[in-house]
Amino acid sequence: MECSWTRARGMMLAVGAIGALAVTAGMVEAQEPRRGGTLVYAVLGDPPTLDCHAASSFATMHYVSPHYSLLIKIDPKDPSKVAPDVAASWSASGDKLAYTFKLKPGILFHDGSPLTSADVKASFDRIRNPPTGIVSIRKSVFARIADIETPDPQTVVFKLKTSSPAFLLTIASPFNCLYSAKRLAADPNYPATQVMGSGPFEFVERVAGASWTAKRFDRYFDQPKPYLDGFRAVNTTAQSLVTAIQSGQVMTQFRTLTPTARDRLKTALGDNVQFYSRVYDFLITVAFNARKKPFDDARVRRALSLAIDRWGGAEALSKVSSLAFVGATQRPESPWAASESEIAGYPGFGKDIAKSREEAKRLLKEAGQEGLKLRLVNRNIADPYTSAGIYLVDQWRHIGVTAEHAQVDVKTLTNAMRSGEFDAIIDFQGEGVDDPSIVFARNVSADVSSYNPSGFIDRKLDQLYARIDSEFDPVARKKLVRAFESHFVSEAYQVPFLWLNRTVSMPTKLKGFIMTPSHFLNQDLGGLWLAE
């Protein structure tokens, strides 16, 4: 039988080809964008927060992203680069300890007030040093910023304590929405209840649990965008998604489709639908609560990781879900990803599953945890979460572990994660950028990271991260990445399960879509338009 890794590599090439064909088809048409029409799309869930700075889920960003601008953004055509947004240009000092951004003139918020350097400063100050009661899950990523200066309304200067090869990519994160300094001064928590930015679309109405409506912002700075009159995002269940697309109730959704759903839509819609596919910057992980016995014992965590047949899982689950690729902490095909042989050498990633499970049983016995019972908290979203949860529960059964699979809504899961009231939780990794400084920011100690559901303290990881985040030589940096990854996977605080394949369907009349590795990138909808 063809091994899962080989099959996965073949799938990568295949989905890349499909994506390339879709993009090429759009280029061949060379149609001029036209104005008009309303995009109706599905989102699988209600937003757990409206605040980008506190968000980690598409269930927030697929509603709010079109309302906000960024200082700079990830280039959707090449996610290893950055592109302008409100900043027209930028430059770095020779020592990479100062970055100067020049803003485009005449940018307005939706309330008509001007966006200036003061708003940029207030937004990033809120992320890096949030006021009491404000959640900023990327606070640690910006710890290197010493100061943000605003010499004039069109200029922002970031002064850094230490340099980083990932600084511009970090600044360009789609979660770094720009807020009004005036409104933040009056209420630092206004983005949690009010949606008011400078993006291509103005907020109109939210019907909690049902829909979200927006209209074109006619004074948007990047004219002639947006092309659409507006959009309506519909809160849709996973079970009804394909039917909703097939019947025309919604046009698309921006996460991914299962192979079964893709085939069903192709059969039903024929030439009226097109598909885009790409290896996803989306890794399903399992986080163990290292603050709680017996998961504070590395032997227990490692045993639970050793029990998982990832290679067999990729083979089986890729036929029915988006779960498709075996990989460690770095996205497959990323320049930072480990080789197949390196991955197979990590605990829990070996190809001899019988041998791994014997070692898992030995570790549980040594730790006094034979017959372990645990509660696995998971999102109530079928793909990929339900598939992953069911598979993991079955895998642990092989080493005598009984797991309760508790599926809850995103808000309940987020609350459990933040409160530490869980045994194990199915989480995801995917910030939209293949850079280890950004990927590993959540994998350092809990007193350093603002996103560490496991709650562990590991100074070796902290030290390795600091070196990765300051090393500009890519060869030396990759060696440090392997050292970090090896230790992280061996300690099994948050273990990688499988990476996903991203497949998006679009009606052929919807133009301007750019397929990215992440559903967080290029979500302002400003470049989309509807053909007649």
# chains A, B, ... in the order shown; residues from 1 in each chain; ligands from 1

call {"tool": "residues_around", "arguments": {"residues": "Trp529 of chain A", "least_positions_apart": "3", "cutoff": "7 Å", "atoms": "only C-alpha atoms", "output": "tab-separated table (two decimals) with C-alpha atoms, in the first residue's frame"}}
result
chain	number	residue	atom	x	y	z
A	33	PRO	CA	-14.44	44.42	-12.12
A	34	ARG	CA	-17.95	45.84	-11.94
A	35	ARG	CA	-19.77	47.36	-9.04
A	227	TYR	CA	-16.92	46.57	-5.73
A	228	LEU	CA	-19.78	44.88	-3.88
A	510	LEU	CA	-17.99	35.56	-8.16
A	511	LYS	CA	-14.66	37.01	-9.25
A	512	GLY	CA	-11.51	38.36	-7.65

call {"tool": "residues_around", "arguments": {"residues": "Gln223 of chain A", "least_positions_apart": "3", "cutoff": "12 Å", "atoms": "only C-alpha atoms", "output": "list of chain:residue names"}}
result
A:Arg35, A:Gly106, A:Ile107, A:Gly199, A:Pro200, A:Arg216, A:Phe217, A:Asp218, A:Arg219, A:Tyr220, A:Pro226, A:Tyr227, A:Gly526, A:Gly527

call {"tool": "select_by_dssp", "arguments": {"residues": "segment 376-529 of chain A", "states": "strand (DSSP E or B)", "output": "number ranges by chain"}}
result
A: 376-379, 402-408, 424-429, 494-507, 510-511, 529

call {"tool": "residues_around", "arguments": {"residues": "segment 435-447 of chain A", "least_positions_apart": "2", "cutoff": "8 Å", "atoms": "only C-alpha atoms", "output": "mmCIF file with all heavy atoms, in the first residue's frame"}}
result
data_model
loop_
_atom_site.group_PDB
_atom_site.id
_atom_site.type_symbol
_atom_site.label_atom_id
_atom_site.label_comp_id
_atom_site.auth_asym_id
_atom_site.auth_seq_id
_atom_site.Cartn_x
_atom_site.Cartn_y
_atom_site.Cartn_z
ATOM 1 N N SER A 140 2.494 38.841 23.925
ATOM 2 C CA SER A 140 3.894 38.420 24.015
ATOM 3 C C SER A 140 4.636 38.608 22.697
ATOM 4 O O SER A 140 5.851 38.809 22.688
ATOM 5 C CB SER A 140 3.975 36.955 24.448
ATOM 6 O OG SER A 140 3.326 36.111 23.513
ATOM 7 N N VAL A 141 3.929 38.548 21.572
ATOM 8 C CA VAL A 141 4.558 38.683 20.263
ATOM 9 C C VAL A 141 5.159 40.080 20.092
ATOM 10 O O VAL A 141 6.141 40.267 19.370
ATOM 11 C CB VAL A 141 3.526 38.403 19.141
ATOM 12 C CG1 VAL A 141 4.131 38.604 17.774
ATOM 13 C CG2 VAL A 141 2.979 36.986 19.274
ATOM 14 N N ALA A 166 11.168 38.399 11.644
ATOM 15 C CA ALA A 166 9.727 38.253 11.399
ATOM 16 C C ALA A 166 8.937 39.503 11.767
ATOM 17 O O ALA A 166 7.706 39.453 11.786
ATOM 18 C CB ALA A 166 9.197 37.064 12.191
ATOM 19 N N THR A 170 4.898 39.994 11.513
ATOM 20 C CA THR A 170 4.151 40.076 12.766
ATOM 21 C C THR A 170 3.224 41.285 12.765
ATOM 22 O O THR A 170 2.055 41.196 13.160
ATOM 23 C CB THR A 170 5.121 40.162 13.961
ATOM 24 O OG1 THR A 170 5.979 39.028 13.950
ATOM 25 C CG2 THR A 170 4.369 40.199 15.276
ATOM 26 N N THR A 329 5.312 20.822 13.730
ATOM 27 C CA THR A 329 4.817 22.156 14.076
ATOM 28 C C THR A 329 4.783 23.131 12.906
ATOM 29 O O THR A 329 4.149 24.179 12.992
ATOM 30 C CB THR A 329 5.682 22.782 15.180
ATOM 31 O OG1 THR A 329 7.020 22.959 14.685
ATOM 32 C CG2 THR A 329 5.709 21.907 16.427
ATOM 33 N N GLN A 330 5.470 22.804 11.809
ATOM 34 C CA GLN A 330 5.545 23.712 10.660
ATOM 35 C C GLN A 330 4.730 23.161 9.490
ATOM 36 O O GLN A 330 4.742 21.958 9.223
ATOM 37 C CB GLN A 330 7.000 23.905 10.233
ATOM 38 C CG GLN A 330 7.936 24.302 11.362
ATOM 39 C CD GLN A 330 7.577 25.620 12.000
ATOM 40 O OE1 GLN A 330 7.467 26.639 11.328
ATOM 41 N NE2 GLN A 330 7.392 25.627 13.323
ATOM 42 N N TRP A 336 10.392 25.869 6.480
ATOM 43 C CA TRP A 336 10.808 25.549 7.851
ATOM 44 C C TRP A 336 10.375 24.153 8.281
ATOM 45 O O TRP A 336 10.672 23.725 9.401
ATOM 46 C CB TRP A 336 10.242 26.587 8.826
ATOM 47 C CG TRP A 336 10.567 27.984 8.418
ATOM 48 C CD1 TRP A 336 9.716 28.890 7.847
ATOM 49 C CD2 TRP A 336 11.842 28.624 8.498
ATOM 50 N NE1 TRP A 336 10.371 30.060 7.580
ATOM 51 C CE2 TRP A 336 11.683 29.936 7.974
ATOM 52 C CE3 TRP A 336 13.099 28.235 8.968
ATOM 53 C CZ2 TRP A 336 12.734 30.841 7.901
ATOM 54 C CZ3 TRP A 336 14.146 29.148 8.897
ATOM 55 C CH2 TRP A 336 13.960 30.423 8.373
ATOM 56 N N GLN A 429 -3.683 25.390 15.224
ATOM 57 C CA GLN A 429 -2.585 26.330 15.017
ATOM 58 C C GLN A 429 -2.684 26.842 13.598
ATOM 59 O O GLN A 429 -2.852 26.064 12.667
ATOM 60 C CB GLN A 429 -1.247 25.618 15.223
ATOM 61 C CG GLN A 429 -0.018 26.420 14.826
ATOM 62 C CD GLN A 429 1.237 25.580 14.861
ATOM 63 O OE1 GLN A 429 1.591 25.026 15.897
ATOM 64 N NE2 GLN A 429 1.908 25.451 13.717
ATOM 65 N N GLY A 430 -2.571 28.151 13.420
ATOM 66 C CA GLY A 430 -2.637 28.715 12.076
ATOM 67 C C GLY A 430 -2.834 30.208 12.108
ATOM 68 O O GLY A 430 -3.960 30.681 12.191
ATOM 69 N N GLU A 431 -1.754 30.959 12.085
ATOM 70 C CA GLU A 431 -1.819 32.414 12.094
ATOM 71 C C GLU A 431 -1.754 32.977 10.676
ATOM 72 O O GLU A 431 -1.839 34.183 10.483
ATOM 73 C CB GLU A 431 -0.672 32.980 12.922
ATOM 74 C CG GLU A 431 -0.813 32.722 14.411
ATOM 75 C CD GLU A 431 -1.803 33.656 15.095
ATOM 76 O OE1 GLU A 431 -1.914 34.819 14.685
ATOM 77 O OE2 GLU A 431 -2.463 33.211 16.043
ATOM 78 N N VAL A 433 0.872 32.621 8.514
ATOM 79 C CA VAL A 433 2.228 32.925 8.058
ATOM 80 C C VAL A 433 3.161 31.772 8.410
ATOM 81 O O VAL A 433 3.122 31.258 9.529
ATOM 82 C CB VAL A 433 2.761 34.218 8.719
ATOM 83 C CG1 VAL A 433 4.154 34.536 8.209
ATOM 84 C CG2 VAL A 433 1.825 35.385 8.450
ATOM 85 N N SER A 449 4.036 33.606 27.136
ATOM 86 C CA SER A 449 3.052 33.604 26.059
ATOM 87 C C SER A 449 1.704 34.093 26.559
ATOM 88 O O SER A 449 1.289 33.783 27.680
ATOM 89 C CB SER A 449 2.891 32.191 25.493
ATOM 90 O OG SER A 449 1.814 32.127 24.580
ATOM 91 N N SER A 450 1.011 34.847 25.719
ATOM 92 C CA SER A 450 -0.363 35.237 26.043
ATOM 93 C C SER A 450 -1.358 34.231 25.460
ATOM 94 O O SER A 450 -2.563 34.426 25.561
ATOM 95 C CB SER A 450 -0.644 36.644 25.517
ATOM 96 O OG SER A 450 -0.164 36.812 24.203
ATOM 97 N N TYR A 451 -0.829 33.156 24.858
ATOM 98 C CA TYR A 451 -1.700 32.088 24.369
ATOM 99 C C TYR A 451 -1.000 30.759 24.650
ATOM 100 O O TYR A 451 -0.166 30.313 23.877
ATOM 101 C CB TYR A 451 -1.968 32.238 22.868
ATOM 102 C CG TYR A 451 -3.007 31.270 22.341
ATOM 103 C CD1 TYR A 451 -4.328 31.667 22.190
ATOM 104 C CD2 TYR A 451 -2.675 29.962 22.012
ATOM 105 C CE1 TYR A 451 -5.294 30.796 21.720
ATOM 106 C CE2 TYR A 451 -3.636 29.078 21.536
ATOM 107 C CZ TYR A 451 -4.939 29.492 21.390
ATOM 108 O OH TYR A 451 -5.892 28.625 20.922
ATOM 109 N N ASN A 452 -1.334 30.153 25.758
ATOM 110 C CA ASN A 452 -0.731 28.873 26.138
ATOM 111 C C ASN A 452 -1.763 28.082 26.915
ATOM 112 O O ASN A 452 -1.792 28.118 28.148
ATOM 113 C CB ASN A 452 0.531 29.100 26.975
ATOM 114 C CG ASN A 452 1.224 27.791 27.367
ATOM 115 O OD1 ASN A 452 0.601 26.736 27.406
ATOM 116 N ND2 ASN A 452 2.500 27.865 27.664
ATOM 117 N N SER A 454 -2.063 25.019 27.622
ATOM 118 C CA SER A 454 -1.545 23.960 28.494
ATOM 119 C C SER A 454 -1.010 24.491 29.813
ATOM 120 O O SER A 454 -0.921 23.753 30.793
ATOM 121 C CB SER A 454 -0.436 23.177 27.774
ATOM 122 O OG SER A 454 -0.944 22.514 26.644
ATOM 123 N N GLY A 455 -0.624 25.759 29.837
ATOM 124 C CA GLY A 455 -0.153 26.360 31.072
ATOM 125 C C GLY A 455 1.216 25.901 31.526
ATOM 126 O O GLY A 455 1.577 26.043 32.697
ATOM 127 N N PHE A 456 2.039 25.376 30.640
ATOM 128 C CA PHE A 456 3.344 24.844 31.041
ATOM 129 C C PHE A 456 4.385 25.945 31.190
ATOM 130 O O PHE A 456 4.248 27.037 30.637
ATOM 131 C CB PHE A 456 3.835 23.804 30.034
ATOM 132 C CG PHE A 456 4.164 24.361 28.670
ATOM 133 C CD1 PHE A 456 5.384 24.967 28.416
ATOM 134 C CD2 PHE A 456 3.248 24.271 27.621
ATOM 135 C CE1 PHE A 456 5.694 25.481 27.160
ATOM 136 C CE2 PHE A 456 3.547 24.784 26.360
ATOM 137 C CZ PHE A 456 4.770 25.399 26.136
ATOM 138 N N ILE A 457 5.435 25.632 31.950
ATOM 139 C CA ILE A 457 6.619 26.469 32.068
ATOM 140 C C ILE A 457 7.810 25.636 31.608
ATOM 141 O O ILE A 457 8.074 24.568 32.167
ATOM 142 C CB ILE A 457 6.853 26.948 33.519
ATOM 143 C CG1 ILE A 457 5.620 27.703 34.050
ATOM 144 C CG2 ILE A 457 8.112 27.795 33.613
ATOM 145 C CD1 ILE A 457 5.337 29.009 33.354
ATOM 146 N N ASP A 458 8.499 26.102 30.577
ATOM 147 C CA ASP A 458 9.644 25.355 30.038
ATOM 148 C C ASP A 458 10.675 26.364 29.547
ATOM 149 O O ASP A 458 10.555 26.916 28.455
ATOM 150 C CB ASP A 458 9.186 24.444 28.891
ATOM 151 C CG ASP A 458 10.261 23.455 28.456
ATOM 152 O OD1 ASP A 458 11.446 23.855 28.399
ATOM 153 O OD2 ASP A 458 9.927 22.296 28.147
ATOM 154 N N ARG A 459 11.698 26.598 30.370
ATOM 155 C CA ARG A 459 12.683 27.630 30.040
ATOM 156 C C ARG A 459 13.562 27.255 28.855
ATOM 157 O O ARG A 459 14.103 28.150 28.182
ATOM 158 C CB ARG A 459 13.550 27.929 31.273
ATOM 159 C CG ARG A 459 12.759 28.496 32.453
ATOM 160 C CD ARG A 459 11.932 29.703 32.029
ATOM 161 N NE ARG A 459 11.120 30.204 33.148
ATOM 162 C CZ ARG A 459 10.011 30.896 32.988
ATOM 163 N NH1 ARG A 459 9.555 31.167 31.760
ATOM 164 N NH2 ARG A 459 9.336 31.312 34.037
ATOM 165 N N LEU A 461 12.494 25.916 26.091
ATOM 166 C CA LEU A 461 11.754 26.418 24.937
ATOM 167 C C LEU A 461 11.845 27.931 24.845
ATOM 168 O O LEU A 461 11.989 28.495 23.753
ATOM 169 C CB LEU A 461 10.289 25.981 25.024
ATOM 170 C CG LEU A 461 10.003 24.493 24.797
ATOM 171 C CD1 LEU A 461 8.513 24.215 24.981
ATOM 172 C CD2 LEU A 461 10.460 24.029 23.423
ATOM 173 N N ASP A 462 11.764 28.612 25.974
ATOM 174 C CA ASP A 462 11.858 30.068 25.967
ATOM 175 C C ASP A 462 13.195 30.533 25.401
ATOM 176 O O ASP A 462 13.264 31.474 24.608
ATOM 177 C CB ASP A 462 11.692 30.613 27.391
ATOM 178 C CG ASP A 462 10.343 30.271 28.004
ATOM 179 O OD1 ASP A 462 9.439 29.864 27.256
ATOM 180 O OD2 ASP A 462 10.209 30.412 29.234
ATOM 181 N N TYR A 465 13.362 29.824 21.659
ATOM 182 C CA TYR A 465 12.519 30.772 20.931
ATOM 183 C C TYR A 465 13.218 32.118 20.776
ATOM 184 O O TYR A 465 13.193 32.735 19.702
ATOM 185 C CB TYR A 465 11.177 30.958 21.632
ATOM 186 C CG TYR A 465 10.295 31.958 20.922
ATOM 187 C CD1 TYR A 465 9.601 31.589 19.769
ATOM 188 C CD2 TYR A 465 10.178 33.275 21.358
ATOM 189 C CE1 TYR A 465 8.811 32.500 19.090
ATOM 190 C CE2 TYR A 465 9.402 34.195 20.689
ATOM 191 C CZ TYR A 465 8.710 33.809 19.551
ATOM 192 O OH TYR A 465 7.943 34.714 18.866
ATOM 193 N N ILE A 468 15.679 31.797 17.998
ATOM 194 C CA ILE A 468 14.995 31.722 16.693
ATOM 195 C C ILE A 468 14.524 33.104 16.263
ATOM 196 O O ILE A 468 14.631 33.495 15.098
ATOM 197 C CB ILE A 468 13.794 30.756 16.783
ATOM 198 C CG1 ILE A 468 14.271 29.305 16.899
ATOM 199 C CG2 ILE A 468 12.866 30.911 15.565
ATOM 200 C CD1 ILE A 468 13.173 28.326 17.288
ATOM 201 N N ASP A 469 14.012 33.849 17.229
ATOM 202 C CA ASP A 469 13.392 35.141 16.946
ATOM 203 C C ASP A 469 14.409 36.263 16.732
ATOM 204 O O ASP A 469 14.023 37.400 16.467
ATOM 205 C CB ASP A 469 12.451 35.499 18.100
ATOM 206 C CG ASP A 469 11.458 36.569 17.711
ATOM 207 O OD1 ASP A 469 11.079 36.622 16.518
ATOM 208 O OD2 ASP A 469 11.073 37.358 18.586
ATOM 209 N N VAL A 481 15.009 25.807 14.818
ATOM 210 C CA VAL A 481 13.613 25.385 14.696
ATOM 211 C C VAL A 481 13.479 23.889 14.971
ATOM 212 O O VAL A 481 12.585 23.443 15.695
ATOM 213 C CB VAL A 481 13.045 25.735 13.307
ATOM 214 C CG1 VAL A 481 11.692 25.070 13.078
ATOM 215 C CG2 VAL A 481 12.919 27.241 13.150
ATOM 216 N N PHE A 488 9.709 20.301 22.022
ATOM 217 C CA PHE A 488 8.283 20.574 22.223
ATOM 218 C C PHE A 488 7.435 19.316 22.012
ATOM 219 O O PHE A 488 6.553 18.994 22.813
ATOM 220 C CB PHE A 488 7.845 21.681 21.262
ATOM 221 C CG PHE A 488 6.414 22.088 21.411
ATOM 222 C CD1 PHE A 488 5.994 22.831 22.498
ATOM 223 C CD2 PHE A 488 5.476 21.741 20.444
ATOM 224 C CE1 PHE A 488 4.663 23.222 22.640
ATOM 225 C CE2 PHE A 488 4.154 22.121 20.567
ATOM 226 C CZ PHE A 488 3.743 22.865 21.667
#

call {"tool": "residues_around", "arguments": {"residues": "segment 242-249 of chain A", "least_positions_apart": "4", "cutoff": "9 Å", "atoms": "only C-alpha atoms", "output": "JSON, numbers by chain"}}
result
{"A": [40, 41, 42, 236, 238, 253, 257, 261, 262, 264, 265, 268, 269, 505]}
